>>> print(open('final-v8.pdb').read())   # PDB, C-alpha atoms and all ligand atoms
ATOM      1  CA  MET A   1       8.814  -1.908 -18.149
ATOM      2  CA  ARG A   2       7.764   0.797 -15.702
ATOM      3  CA  LEU A   3       4.151   0.463 -14.697
ATOM      4  CA  PRO A   4       2.008   3.572 -14.204
ATOM      5  CA  HIS A   5       1.810   4.597 -10.571
ATOM      6  CA  PRO A   6      -0.122   7.817  -9.918
ATOM      7  CA  ILE A   7      -0.193   7.684  -6.098
ATOM      8  CA  PRO A   8       3.322   8.052  -4.610
ATOM      9  CA  TYR A   9       2.234   6.439  -1.342
ATOM     10  CA  GLN A  10       4.853   5.884   1.315
ATOM     11  CA  GLY A  11       5.142   2.134   1.818
ATOM     12  CA  SER A  12       3.971   1.426  -1.732
ATOM     13  CA  LYS A  13       4.975  -1.986  -3.071
ATOM     14  CA  ARG A  14       5.738  -0.578  -6.531
ATOM     15  CA  LYS A  15       9.433  -1.489  -6.400
ATOM     16  CA  LEU A  16       8.837  -4.948  -4.919
ATOM     17  CA  ALA A  17       5.856  -5.849  -7.107
ATOM     18  CA  HIS A  18       7.869  -7.977  -9.532
ATOM     19  CA  LEU A  19       9.387  -9.983  -6.639
ATOM     20  CA  ILE A  20       6.092 -10.458  -4.812
ATOM     21  CA  GLY A  21       4.379 -11.163  -8.134
ATOM     22  CA  ARG A  22       6.360 -14.409  -8.508
ATOM     23  CA  TYR A  23       4.113 -15.923  -5.864
ATOM     24  CA  VAL A  24       0.808 -14.619  -7.165
ATOM     25  CA  PRO A  25      -1.191 -17.333  -8.919
ATOM     26  CA  LYS A  26      -3.850 -16.679 -11.548
ATOM     27  CA  SER A  27      -7.177 -16.233  -9.837
ATOM     28  CA  ALA A  28     -10.816 -15.420 -10.503
ATOM     29  CA  THR A  29     -10.731 -12.311  -8.312
ATOM     30  CA  PHE A  30      -7.639 -10.575  -6.964
ATOM     31  CA  TYR A  31      -8.314  -8.867  -3.609
ATOM     32  CA  GLU A  32      -6.142  -6.079  -2.212
ATOM     33  CA  PRO A  33      -7.807  -5.120   1.102
ATOM     34  CA  PHE A  34      -4.992  -2.788   2.327
ATOM     35  CA  CYS A  35      -4.681  -1.197  -1.079
ATOM     36  CA  GLY A  36      -3.095   2.241  -0.468
ATOM     37  CA  SER A  37      -1.714   3.011  -3.935
ATOM     38  CA  GLY A  38      -2.737  -0.463  -5.137
ATOM     39  CA  ALA A  39       0.702  -1.324  -6.525
ATOM     40  CA  MET A  40       0.093  -5.087  -6.545
ATOM     41  CA  THR A  41      -3.311  -4.709  -8.201
ATOM     42  CA  ILE A  42      -1.735  -2.625 -10.971
ATOM     43  CA  TYR A  43       0.960  -5.285 -11.364
ATOM     44  CA  ALA A  44      -1.501  -8.199 -11.352
ATOM     45  CA  ALA A  45      -3.812  -6.513 -13.862
ATOM     46  CA  HIS A  46      -0.874  -5.699 -16.141
ATOM     47  CA  LYS A  47       0.253  -9.349 -16.018
ATOM     48  CA  GLY A  48      -3.275 -10.637 -16.654
ATOM     49  CA  LEU A  49      -3.313 -12.570 -13.371
ATOM     50  CA  ALA A  50      -7.043 -11.901 -12.849
ATOM     51  CA  ASN A  51      -9.936 -10.262 -14.667
ATOM     52  CA  ARG A  52     -11.726  -8.983 -11.602
ATOM     53  CA  PHE A  53     -10.262  -6.983  -8.735
ATOM     54  CA  VAL A  54     -11.470  -5.858  -5.317
ATOM     55  CA  LEU A  55      -9.691  -2.783  -3.991
ATOM     56  CA  GLY A  56     -10.281  -1.886  -0.362
ATOM     57  CA  ASP A  57      -8.818   0.212   2.416
ATOM     58  CA  SER A  58     -10.120   1.529   5.715
ATOM     59  CA  LEU A  59      -9.147   5.050   4.601
ATOM     60  CA  GLU A  60     -12.227   6.040   2.601
ATOM     61  CA  PRO A  61     -10.684   8.915   0.571
ATOM     62  CA  ILE A  62      -7.919   6.651  -0.780
ATOM     63  CA  VAL A  63     -10.552   4.195  -2.051
ATOM     64  CA  ARG A  64     -12.510   7.050  -3.639
ATOM     65  CA  LEU A  65      -9.244   8.269  -5.168
ATOM     66  CA  GLN A  66      -8.633   4.834  -6.688
ATOM     67  CA  GLN A  67     -12.157   4.872  -8.086
ATOM     68  CA  ALA A  68     -11.742   8.382  -9.517
ATOM     69  CA  ILE A  69      -8.443   7.412 -11.194
ATOM     70  CA  VAL A  70      -9.747   4.196 -12.749
ATOM     71  CA  GLU A  71     -13.285   5.203 -13.680
ATOM     72  CA  MET A  72     -12.945   8.957 -14.449
ATOM     73  CA  PRO A  73      -9.325   9.442 -15.551
ATOM     74  CA  ALA A  74      -9.732  12.627 -17.638
ATOM     75  CA  LYS A  75     -11.755  14.444 -14.990
ATOM     76  CA  THR A  76      -9.382  13.342 -12.213
ATOM     77  CA  ALA A  77      -6.294  14.451 -14.162
ATOM     78  CA  ASP A  78      -7.924  17.821 -14.944
ATOM     79  CA  ARG A  79      -8.832  18.357 -11.329
ATOM     80  CA  TYR A  80      -5.300  17.450 -10.145
ATOM     81  CA  GLN A  81      -3.878  19.931 -12.658
ATOM     82  CA  THR A  82      -6.130  22.680 -11.304
ATOM     83  CA  VAL A  83      -5.122  21.990  -7.691
ATOM     84  CA  TRP A  84      -1.421  21.686  -8.601
ATOM     85  CA  GLU A  85      -1.401  24.881 -10.676
ATOM     86  CA  GLY A  86      -2.847  26.802  -7.755
ATOM     87  CA  GLN A  87       0.523  26.687  -6.042
ATOM     88  CA  THR A  88       3.215  29.304  -6.642
ATOM     89  CA  SER A  89       6.761  29.377  -5.290
ATOM     90  CA  ASP A  90       6.039  32.430  -3.140
ATOM     91  CA  ASN A  91       2.850  31.089  -1.590
ATOM     92  CA  PHE A  92       3.779  28.500   1.034
ATOM     93  CA  GLY A  93       0.357  28.896   2.596
ATOM     94  CA  TYR A  94      -1.279  27.162  -0.396
ATOM     95  CA  PHE A  95      -0.431  23.646   0.785
ATOM     96  CA  ASN A  96      -1.925  24.451   4.188
ATOM     97  CA  ASP A  97      -5.086  25.754   2.516
ATOM     98  CA  VAL A  98      -5.514  22.521   0.542
ATOM     99  CA  ARG A  99      -4.779  20.525   3.695
ATOM    100  CA  ALA A 100      -7.450  22.449   5.627
ATOM    101  CA  ARG A 101      -9.895  21.903   2.768
ATOM    102  CA  TYR A 102      -9.129  18.163   2.723
ATOM    103  CA  ASN A 103      -9.549  17.943   6.488
ATOM    104  CA  ALA A 104     -12.973  19.579   6.158
ATOM    105  CA  ASP A 105     -14.247  17.813   2.992
ATOM    106  CA  ARG A 106     -12.056  14.684   2.535
ATOM    107  CA  ASP A 107     -11.823  15.331  -1.209
ATOM    108  CA  ALA A 108      -9.976  12.506  -2.979
ATOM    109  CA  VAL A 109      -8.000  14.674  -5.435
ATOM    110  CA  ASP A 110      -6.960  17.077  -2.666
ATOM    111  CA  LEU A 111      -5.566  13.989  -0.919
ATOM    112  CA  LEU A 112      -3.626  13.077  -4.083
ATOM    113  CA  TYR A 113      -2.085  16.556  -4.159
ATOM    114  CA  LEU A 114      -1.193  16.368  -0.437
ATOM    115  CA  ILE A 115       0.434  12.941  -0.875
ATOM    116  CA  CYS A 116       2.475  14.223  -3.837
ATOM    117  CA  ARG A 117       3.513  17.475  -2.181
ATOM    118  CA  CYS A 118       4.134  16.527   1.472
ATOM    119  CA  VAL A 119       7.517  15.902   3.111
ATOM    120  CA  LYS A 120       9.121  12.807   1.538
ATOM    121  CA  ASN A 121       5.625  11.664   0.457
ATOM    122  CA  ALA A 122       5.351  10.566   4.086
ATOM    123  CA  ILE A 123       1.655  10.799   4.877
ATOM    124  CA  ARG A 124       0.702  11.345   8.515
ATOM    125  CA  PHE A 125      -2.764  11.424  10.090
ATOM    126  CA  ASN A 126      -3.965  12.247  13.580
ATOM    127  CA  LYS A 127      -6.565  10.282  15.516
ATOM    128  CA  ALA A 128      -9.415  12.270  13.972
ATOM    129  CA  GLY A 129      -8.207  11.204  10.511
ATOM    130  CA  ASN A 130      -6.924  14.683   9.672
ATOM    131  CA  PHE A 131      -3.880  14.968   7.444
ATOM    132  CA  THR A 132      -1.056  16.473   9.516
ATOM    133  CA  GLN A 133       2.107  16.279   7.390
ATOM    134  CA  SER A 134       3.659  19.541   6.107
ATOM    135  CA  HIS A 135       4.747  20.526   2.620
ATOM    136  CA  ASP A 136       8.117  19.545   1.198
ATOM    137  CA  LYS A 137      10.110  22.708   0.595
ATOM    138  CA  ARG A 138      12.290  21.158  -2.100
ATOM    139  CA  ARG A 139       9.681  19.737  -4.476
ATOM    140  CA  LEU A 140       6.464  20.800  -6.123
ATOM    141  CA  GLY A 141       4.932  17.328  -6.353
ATOM    142  CA  THR A 142       4.258  15.248  -9.464
ATOM    143  CA  HIS A 143       3.885  17.442 -12.560
ATOM    144  CA  PRO A 144       0.305  17.378 -13.952
ATOM    145  CA  GLU A 145       1.389  15.959 -17.323
ATOM    146  CA  LYS A 146       3.246  13.085 -15.671
ATOM    147  CA  MET A 147       0.247  12.539 -13.402
ATOM    148  CA  ARG A 148      -2.161  12.551 -16.370
ATOM    149  CA  ALA A 149      -0.130   9.841 -18.131
ATOM    150  CA  ALA A 150      -0.005   7.698 -14.976
ATOM    151  CA  ILE A 151      -3.740   8.101 -14.320
ATOM    152  CA  HIS A 152      -4.683   7.124 -17.879
ATOM    153  CA  GLY A 153      -2.211   4.213 -17.751
ATOM    154  CA  VAL A 154      -3.857   2.755 -14.652
ATOM    155  CA  SER A 155      -7.347   3.378 -15.969
ATOM    156  CA  GLN A 156      -6.552   1.541 -19.194
ATOM    157  CA  ILE A 157      -5.444  -1.523 -17.257
ATOM    158  CA  LEU A 158      -8.264  -1.594 -14.691
ATOM    159  CA  LYS A 159     -11.386   0.186 -15.965
ATOM    160  CA  GLY A 160     -14.546  -1.905 -15.653
ATOM    161  CA  LYS A 161     -12.802  -4.648 -13.679
ATOM    162  CA  VAL A 162     -12.740  -3.232 -10.141
ATOM    163  CA  GLU A 163     -15.079  -3.302  -7.187
ATOM    164  CA  TYR A 164     -14.270  -0.725  -4.490
ATOM    165  CA  ARG A 165     -14.809  -1.400  -0.800
ATOM    166  CA  VAL A 166     -14.220   0.828   2.207
ATOM    167  CA  GLY A 167     -13.576  -0.783   5.554
ATOM    168  CA  ASP A 168     -11.642  -3.277   7.566
ATOM    169  CA  TRP A 169      -9.745  -5.887   5.548
ATOM    170  CA  LEU A 170     -11.833  -8.727   6.923
ATOM    171  CA  GLU A 171     -15.019  -7.127   5.589
ATOM    172  CA  THR A 172     -13.366  -6.504   2.222
ATOM    173  CA  THR A 173     -12.371 -10.174   1.872
ATOM    174  CA  PHE A 174     -15.549 -11.731   3.341
ATOM    175  CA  ASP A 175     -16.570 -13.345   0.027
ATOM    176  CA  ALA A 176     -13.112 -14.496  -1.163
ATOM    177  CA  ASP A 177     -13.076 -18.226  -1.930
ATOM    178  CA  PRO A 178     -10.484 -20.829  -3.007
ATOM    179  CA  ASP A 179     -10.526 -19.652  -6.664
ATOM    180  CA  ASP A 180      -9.582 -16.155  -5.577
ATOM    181  CA  PHE A 181      -6.385 -14.637  -4.241
ATOM    182  CA  VAL A 182      -5.736 -12.068  -1.516
ATOM    183  CA  TYR A 183      -2.645  -9.855  -1.290
ATOM    184  CA  MET A 184      -2.271  -8.142   2.067
ATOM    185  CA  ASP A 185       0.045  -5.318   3.081
ATOM    186  CA  PRO A 186      -1.136  -4.153   6.509
ATOM    187  CA  PRO A 187       0.593  -1.368   8.424
ATOM    188  CA  TYR A 188       3.632  -2.964  10.005
ATOM    189  CA  LEU A 189       4.073  -3.184  13.742
ATOM    190  CA  GLY A 190       7.159  -1.040  13.212
ATOM    191  CA  THR A 191       4.976   1.790  11.953
ATOM    192  CA  SER A 192       2.038   1.079  14.270
ATOM    193  CA  VAL A 193       3.657   1.241  17.690
ATOM    194  CA  GLY A 194       5.561   4.173  19.188
ATOM    195  CA  PRO A 195       5.085   7.856  18.462
ATOM    196  CA  ASP A 196       5.500   7.741  14.659
ATOM    197  CA  LYS A 197       2.017   6.756  13.469
ATOM    198  CA  ARG A 198       2.116   6.602   9.739
ATOM    199  CA  TYR A 199      -1.363   5.523   8.695
ATOM    200  CA  HIS A 200      -4.706   6.778   9.916
ATOM    201  CA  GLN A 201      -5.364   3.359  11.438
ATOM    202  CA  GLN A 202      -2.925   1.087  13.237
ATOM    203  CA  MET A 203      -2.775  -2.670  13.344
ATOM    204  CA  THR A 204      -1.866  -5.060  16.119
ATOM    205  CA  GLN A 205      -0.966  -8.702  15.580
ATOM    206  CA  GLU A 206      -3.893 -10.436  17.311
ATOM    207  CA  PRO A 207      -6.697  -9.429  14.907
ATOM    208  CA  LEU A 208      -4.396 -10.062  11.960
ATOM    209  CA  ILE A 209      -3.664 -13.611  13.164
ATOM    210  CA  ALA A 210      -7.358 -14.300  13.806
ATOM    211  CA  GLY A 211      -8.237 -13.025  10.319
ATOM    212  CA  LEU A 212      -5.545 -15.115   8.607
ATOM    213  CA  ALA A 213      -6.899 -18.197  10.392
ATOM    214  CA  LYS A 214     -10.325 -17.402   8.881
ATOM    215  CA  LEU A 215      -8.853 -17.204   5.367
ATOM    216  CA  ASN A 216      -7.106 -20.546   5.995
ATOM    217  CA  ALA A 217     -10.352 -22.126   7.166
ATOM    218  CA  ARG A 218     -11.973 -21.089   3.845
ATOM    219  CA  SER A 219      -8.876 -22.289   1.843
ATOM    220  CA  VAL A 220      -8.341 -18.835   0.359
ATOM    221  CA  PRO A 221      -4.785 -18.503  -1.011
ATOM    222  CA  PHE A 222      -2.968 -15.375   0.123
ATOM    223  CA  VAL A 223       0.355 -13.563   0.297
ATOM    224  CA  LEU A 224       1.094 -11.211   3.175
ATOM    225  CA  SER A 225       3.840  -8.594   3.396
ATOM    226  CA  TYR A 226       4.610  -8.080   7.036
ATOM    227  CA  ASP A 227       7.354  -6.434   9.030
ATOM    228  CA  GLY A 228      11.021  -7.135   8.539
ATOM    229  CA  MET A 229      14.262  -5.485   9.495
ATOM    230  CA  THR A 230      16.507  -2.552   8.616
ATOM    231  CA  GLY A 231      20.167  -3.001   9.489
ATOM    232  CA  ASP A 232      19.995  -4.800  12.812
ATOM    233  CA  LYS A 233      16.705  -3.201  13.857
ATOM    234  CA  GLU A 234      13.919  -5.762  13.729
ATOM    235  CA  TYR A 235      10.294  -4.738  13.585
ATOM    236  CA  GLY A 236       8.221  -7.430  15.105
ATOM    237  CA  PRO A 237       7.829 -11.036  16.170
ATOM    238  CA  PRO A 238       7.184 -13.524  13.367
ATOM    239  CA  LEU A 239       3.642 -14.776  12.848
ATOM    240  CA  PRO A 240       2.853 -18.113  14.494
ATOM    241  CA  ASP A 241       3.577 -21.519  12.922
ATOM    242  CA  HIS A 242       0.014 -22.755  13.396
ATOM    243  CA  LEU A 243      -1.031 -20.591  10.437
ATOM    244  CA  GLY A 244       1.002 -22.967   8.229
ATOM    245  CA  MET A 245       2.570 -20.160   6.196
ATOM    246  CA  THR A 246       5.986 -20.104   4.532
ATOM    247  CA  ARG A 247       8.009 -17.061   5.492
ATOM    248  CA  LEU A 248      10.419 -15.582   2.958
ATOM    249  CA  LEU A 249      12.717 -12.609   3.252
ATOM    250  CA  LEU A 250      12.738 -10.096   0.419
ATOM    251  CA  HIS A 251      15.630  -7.733  -0.053
ATOM    252  CA  ALA A 252      13.828  -4.427  -0.350
ATOM    253  CA  GLY A 253      16.921  -2.300  -1.037
ATOM    254  CA  MET A 254      18.695   0.344   1.008
ATOM    255  CA  SER A 255      16.683   2.109   3.687
ATOM    256  CA  SER A 256      16.073   5.678   2.540
ATOM    257  CA  GLN A 257      15.445   6.693   6.142
ATOM    258  CA  ALA A 258      18.895   5.397   7.190
ATOM    259  CA  THR A 259      20.582   6.884   4.109
ATOM    260  CA  LEU A 260      19.198  10.296   5.039
ATOM    261  CA  SER A 261      20.869   9.895   8.432
ATOM    262  CA  GLY A 262      24.175   8.985   6.773
ATOM    263  CA  ARG A 263      23.953   5.220   7.459
ATOM    264  CA  LYS A 264      23.961   2.419   4.935
ATOM    265  CA  GLU A 265      21.376  -0.148   5.957
ATOM    266  CA  GLU A 266      19.561  -2.739   3.965
ATOM    267  CA  THR A 267      15.843  -3.237   4.445
ATOM    268  CA  VAL A 268      14.581  -6.803   4.428
ATOM    269  CA  GLU A 269      10.851  -7.467   4.353
ATOM    270  CA  SER A 270       8.996 -10.610   5.337
ATOM    271  CA  LEU A 271       6.681 -12.210   2.831
ATOM    272  CA  TYR A 272       4.339 -14.909   4.116
ATOM    273  CA  LEU A 273       2.752 -17.358   1.685
ATOM    274  CA  SER A 274      -0.344 -19.332   2.606
ATOM    275  CA  ALA A 275       0.205 -23.075   2.895
ATOM    276  CA  ASP A 276      -1.038 -23.978  -0.579
ATOM    277  CA  LEU A 277       1.188 -21.608  -2.559
ATOM    278  CA  ALA A 278       4.320 -22.499  -4.518
ATOM    279  CA  GLU A 279       7.697 -23.139  -2.997
ATOM    280  CA  PRO A 280      10.139 -20.223  -2.949
ATOM    281  CA  VAL A 281      11.958 -19.493  -6.186
ATOM    282  CA  ASP A 282      15.598 -18.495  -6.791
ATOM    283  CA  GLY A 283      16.778 -15.168  -5.496
ATOM    284  CA  VAL A 284      14.658 -15.166  -2.389
ATOM    285  CA  ILE A 285      16.044 -16.259   0.935
ATOM    286  CA  ARG A 286      14.043 -18.564   3.151
ATOM    287  CA  ALA A 287      14.042 -17.416   6.752
ATOM    288  CA  PRO A 288      15.378 -19.973   9.223
ATOM    289  CA  ALA A 289      12.379 -21.549  10.955
ATOM    290  CA  GLN A 290      13.758 -20.736  14.375
ATOM    291  CA  LEU A 291      14.633 -17.136  13.520
ATOM    292  CA  SER A 292      13.493 -15.150  16.512
ATOM    293  CA  LEU A 293      12.788 -11.490  16.190
ATOM    294  CA  THR A 294      12.444  -9.128  19.086
ATOM    295  CA  LEU A 295      10.642  -5.817  19.240
TER     296      LEU A 295
HETATM  297  C1  LIG B   1       1.334  -0.402   4.045
HETATM  298  S1  LIG B   1      -0.070   0.479   3.458
HETATM  299  C2  LIG B   1      -0.427  -0.385   1.968
HETATM  300  C3  LIG B   1       0.434   0.089   0.840
HETATM  301  C4  LIG B   1       0.088  -0.599  -0.467
HETATM  302  N1  LIG B   1       0.506  -1.992  -0.487
HETATM  303  C5  LIG B   1       0.694   0.122  -1.651
HETATM  304  O1  LIG B   1       1.291  -0.518  -2.529
HETATM  305  O2  LIG B   1       0.590   1.348  -1.708
HETATM  306  C6  LIG B   1      -1.328  -0.043   4.560
HETATM  307  C7  LIG B   1      -2.742   0.465   4.239
HETATM  308  O3  LIG B   1      -3.654  -0.203   5.110
HETATM  309  C8  LIG B   1      -4.702   0.688   5.472
HETATM  310  N2  LIG B   1      -5.301   0.112   6.695
HETATM  311  C9  LIG B   1      -4.909   0.237   8.002
HETATM  312  N3  LIG B   1      -5.653  -0.560   8.802
HETATM  313  C10 LIG B   1      -6.547  -1.210   7.997
HETATM  314  C11 LIG B   1      -7.569  -2.189   8.217
HETATM  315  N4  LIG B   1      -7.817  -2.656   9.439
HETATM  316  N5  LIG B   1      -8.268  -2.646   7.159
HETATM  317  C12 LIG B   1      -8.021  -2.176   5.911
HETATM  318  N6  LIG B   1      -7.060  -1.244   5.625
HETATM  319  C13 LIG B   1      -6.329  -0.785   6.656
HETATM  320  C14 LIG B   1      -4.017   2.040   5.573
HETATM  321  O4  LIG B   1      -4.946   3.070   5.337
HETATM  322  C15 LIG B   1      -2.960   1.948   4.451
HETATM  323  O5  LIG B   1      -3.470   2.498   3.258
END
>>> encode(input="final-v8.pdb", output="structure tokens")
Amino acid sequence: MRLPHPIPYQGSKRKLAHLIGRYVPKSATFYEPFCGSGAMTIYAAHKGLANRFVLGDSLEPIVRLQQAIVEMPAKTADRYQTVWEGQTSDNFGYFNDVRARYNADRDAVDLLYLICRCVKNAIRFNKAGNFTQSHDKRRLGTHPEKMRAAIHGVSQILKGKVEYRVGDWLETTFDADPDDFVYMDPPYLGTSVGPDKRYHQQMTQEPLIAGLAKLNARSVPFVLSYDGMTGDKEYGPPLPDHLGMTRLLLHAGMSSQATLSGRKEETVESLYLSADLAEPVDGVIRAPAQLSLTL
């Protein structure tokens, strides 16, 4: 069954949710502190894995967008339709007008339109948090009727069950305890170093490692998606053994980036399970313990 997914966020875990979901236990509260489009929260709510959810991100407008979708679906769908219908095929300046408006006001539904309409849904922000990606010449972005159905679908699953938090992931998860569960999908090193900065905020390994140690100290179960490899290009060093995690490799499919450049390369993503979670199941490859990755 296809789950509703209104925010076509680059890096969304929508396609991997069923694989990652194998490792998600039932919990009192499901935390997703790097939520973006919230693909795992949608999956977990659909599967009844928790009755309460905490959605957080350091990008405030994406959290407000989540809130608008879940709590005010009709109004949000109407507003998206109005913004979407403002565009015409002979007015390429329209996207830039909405982008300028978003950069001035940080309106959540303007952000939804920009995500849907920008090149390859590949969001880009500058240091000031302004949206910098251009419009995609070949597509108009999700049709309002399709968007309305997706928005109502998500709202039906999540309404009344979510708490929204804006900020760093450690603040979002400060009250998680052993009955809860945390799914983390931070920006990968591969998208955080070098000139191609995908998200408004980057992430280095040291604070991530320190934060995971804090979750361990409180016995909070968690699953972390982190880095991986495309073809023979590897994105980052593995996380240290002292965190006691099990590292799995998920086959994430063919790299669309490589396919566009005429190469066939498979993307493999790392999935780290906290020490107390189940052993790997069939169909997932365990990474050799000594596997060494280089930047
Ligand atoms: C890889 S995306 C998450 C995608 C998400 N799993 C999905 O399914 O759409 C990473 C997200 O982390 C956010 N982020 C970056 N640094 C953060 C931090 N320190 N704390 C919380 N969120 C952060 C970014 O704004 C971005 O939305």
>>> residues_near_point(input="final-v8.pdb", point="(-4.1, -0.2, -21.2)", cutoff="12 Å", atoms="all atoms listed in the file", output="list in words")
Leu3, Pro4, Ile42, Ala45, His46, Lys47, Gly48, Val70, Ala149, Ala150, Ile151, His152, Gly153, Val154, Ser155, Gln156, Ile157, Leu158, Lys159 and Gly160 of chain A
>>> write_last_selection(input="final-v8.pdb", atoms="C-alpha atoms", output="short mmCIF file (atom, residue, chain, number, x, y, z; two decimals), keeping the file's coordinate frame")
data_model
loop_
_atom_site.label_atom_id
_atom_site.label_comp_id
_atom_site.auth_asym_id
_atom_site.auth_seq_id
_atom_site.Cartn_x
_atom_site.Cartn_y
_atom_site.Cartn_z
CA LEU A 3 4.15 0.46 -14.70
CA PRO A 4 2.01 3.57 -14.20
CA ILE A 42 -1.74 -2.62 -10.97
CA ALA A 45 -3.81 -6.51 -13.86
CA HIS A 46 -0.87 -5.70 -16.14
CA LYS A 47 0.25 -9.35 -16.02
CA GLY A 48 -3.28 -10.64 -16.65
CA VAL A 70 -9.75 4.20 -12.75
CA ALA A 149 -0.13 9.84 -18.13
CA ALA A 150 0.00 7.70 -14.98
CA ILE A 151 -3.74 8.10 -14.32
CA HIS A 152 -4.68 7.12 -17.88
CA GLY A 153 -2.21 4.21 -17.75
CA VAL A 154 -3.86 2.76 -14.65
CA SER A 155 -7.35 3.38 -15.97
CA GLN A 156 -6.55 1.54 -19.19
CA ILE A 157 -5.44 -1.52 -17.26
CA LEU A 158 -8.26 -1.59 -14.69
CA LYS A 159 -11.39 0.19 -15.96
CA GLY A 160 -14.55 -1.90 -15.65
#
>>> closest_atom_pairs(input="final-v8.pdb", of="chain A", to="ligand LIG 1 (chain B)", cutoff="7 Å", atoms="all atoms listed in the file", output="Markdown table")
| residue | atom | partner | partner_atom | distance |
| --- | --- | --- | --- | --- |
| A:Tyr9 | CA | B:LIG1 | O2 | 5.4 |
| A:Gln10 | CA | B:LIG1 | O2 | 6.9 |
| A:Gly11 | CA | B:LIG1 | C1 | 5.1 |
| A:Ser12 | CA | B:LIG1 | O2 | 3.4 |
| A:Lys13 | CA | B:LIG1 | O1 | 4.0 |
| A:Arg14 | CA | B:LIG1 | O1 | 6.0 |
| A:Pro33 | CA | B:LIG1 | C12 | 5.6 |
| A:Phe34 | CA | B:LIG1 | O3 | 4.0 |
| A:Cys35 | CA | B:LIG1 | C4 | 4.8 |
| A:Gly36 | CA | B:LIG1 | O5 | 3.8 |
| A:Ser37 | CA | B:LIG1 | O2 | 3.6 |
| A:Gly38 | CA | B:LIG1 | O1 | 4.8 |
| A:Ala39 | CA | B:LIG1 | O1 | 4.1 |
| A:Met40 | CA | B:LIG1 | O1 | 6.2 |
| A:Gly56 | CA | B:LIG1 | C12 | 6.7 |
| A:Asp57 | CA | B:LIG1 | N6 | 3.9 |
| A:Ser58 | CA | B:LIG1 | N6 | 4.1 |
| A:Leu59 | CA | B:LIG1 | O4 | 4.7 |
| A:Gly167 | CA | B:LIG1 | C12 | 5.7 |
| A:Asp168 | CA | B:LIG1 | N5 | 3.5 |
| A:Trp169 | CA | B:LIG1 | N5 | 3.9 |
| A:Asp185 | CA | B:LIG1 | N1 | 4.9 |
| A:Pro186 | CA | B:LIG1 | C6 | 4.6 |
| A:Pro187 | CA | B:LIG1 | C6 | 4.5 |
| A:Tyr188 | CA | B:LIG1 | C1 | 6.9 |
| A:Tyr199 | CA | B:LIG1 | C14 | 5.4 |
| A:His200 | CA | B:LIG1 | O4 | 5.9 |
| A:Gln201 | CA | B:LIG1 | C9 | 4.7 |
| A:Gln202 | CA | B:LIG1 | N3 | 5.5 |
| A:Met203 | CA | B:LIG1 | N3 | 5.8 |
>>> atom_distance(input="final-v8.pdb", atom1="CA of Val119 (chain A)", atom2="CA of Ser134 (chain A)")
6.1 Å
>>> resolve_selection(input="final-v8.pdb", expression="the PyMOL selection byres (((chain A and resi 97) around 12) and not hetatm)", output="PDB file with C-alpha atoms, keeping the file's coordinate frame")
ATOM      1  CA  VAL A  83      -5.122  21.990  -7.691  1.00  0.00           C
ATOM      2  CA  GLY A  86      -2.847  26.802  -7.755  1.00  0.00           C
ATOM      3  CA  GLN A  87       0.523  26.687  -6.042  1.00  0.00           C
ATOM      4  CA  ASN A  91       2.850  31.089  -1.590  1.00  0.00           C
ATOM      5  CA  PHE A  92       3.779  28.500   1.034  1.00  0.00           C
ATOM      6  CA  GLY A  93       0.357  28.896   2.596  1.00  0.00           C
ATOM      7  CA  TYR A  94      -1.279  27.162  -0.396  1.00  0.00           C
ATOM      8  CA  PHE A  95      -0.431  23.646   0.785  1.00  0.00           C
ATOM      9  CA  ASN A  96      -1.925  24.451   4.188  1.00  0.00           C
ATOM     10  CA  VAL A  98      -5.514  22.521   0.542  1.00  0.00           C
ATOM     11  CA  ARG A  99      -4.779  20.525   3.695  1.00  0.00           C
ATOM     12  CA  ALA A 100      -7.450  22.449   5.627  1.00  0.00           C
ATOM     13  CA  ARG A 101      -9.895  21.903   2.768  1.00  0.00           C
ATOM     14  CA  TYR A 102      -9.129  18.163   2.723  1.00  0.00           C
ATOM     15  CA  ASN A 103      -9.549  17.943   6.488  1.00  0.00           C
ATOM     16  CA  ALA A 104     -12.973  19.579   6.158  1.00  0.00           C
ATOM     17  CA  ASP A 110      -6.960  17.077  -2.666  1.00  0.00           C
ATOM     18  CA  TYR A 113      -2.085  16.556  -4.159  1.00  0.00           C
ATOM     19  CA  LEU A 114      -1.193  16.368  -0.437  1.00  0.00           C
ATOM     20  CA  PHE A 131      -3.880  14.968   7.444  1.00  0.00           C
ATOM     21  CA  SER A 134       3.659  19.541   6.107  1.00  0.00           C
ATOM     22  CA  HIS A 135       4.747  20.526   2.620  1.00  0.00           C
TER      23      HIS A 135
END
>>> residues_around(input="final-v8.pdb", residues="region 172-177 of chain A", least_positions_apart="5", cutoff="12 Å", atoms="only C-alpha atoms", output="PyMOL selection string")
chain A and resi 27-35+52-58+63+163-167+182-184+211-212+214-222
>>> resolve_selection(input="final-v8.pdb", expression="the PyMOL selection byres (((chain A and resi 269-278) around 6) and not hetatm)", output="PyMOL selection string")
chain A and resi 221-228+244-250+268+279
>>> resolve_selection(input="final-v8.pdb", expression="the PyMOL selection byres (((chain A and resi 26) around 7) and not hetatm)", output="list in words")
Val24, Pro25, Ser27, Leu49 and Ala50 of chain A
>>> axis_aligned_box(input="final-v8.pdb", around="region 23-36 of chain A", padding_each_side="8 Å", output="AutoDock Vina command-line options")
--center_x -3.4 --center_y -7.5 --center_z -4.6 --size_x 30.9 --size_y 35.6 --size_z 29.9
>>> closest_residue(input="final-v8.pdb", among="A:Thr76, A:Asn121, A:Asn51, A:Thr204", to="Asp136 (chain A)", atoms="all atoms listed in the file")
A:Asn121
>>> atom_distance(input="final-v8.pdb", atom1="CA of Ala252 (chain A)", atom2="CA of Thr267 (chain A)")
5.3 Å
>>> decode(input="final-v8.pdb", residues="region 175-179 of chain A", atoms="C-alpha atoms", output="compact mmCIF listing (two decimals), in the first residue's frame")
# COMPACT_ATOMS: atom_id res chain seq x y z
CA ASP A 175 12.60 13.73 27.54
CA ALA A 176 12.76 10.41 25.62
CA ASP A 177 13.00 7.45 28.00
CA PRO A 178 13.39 3.65 27.70
CA ASP A 179 9.69 3.14 26.78
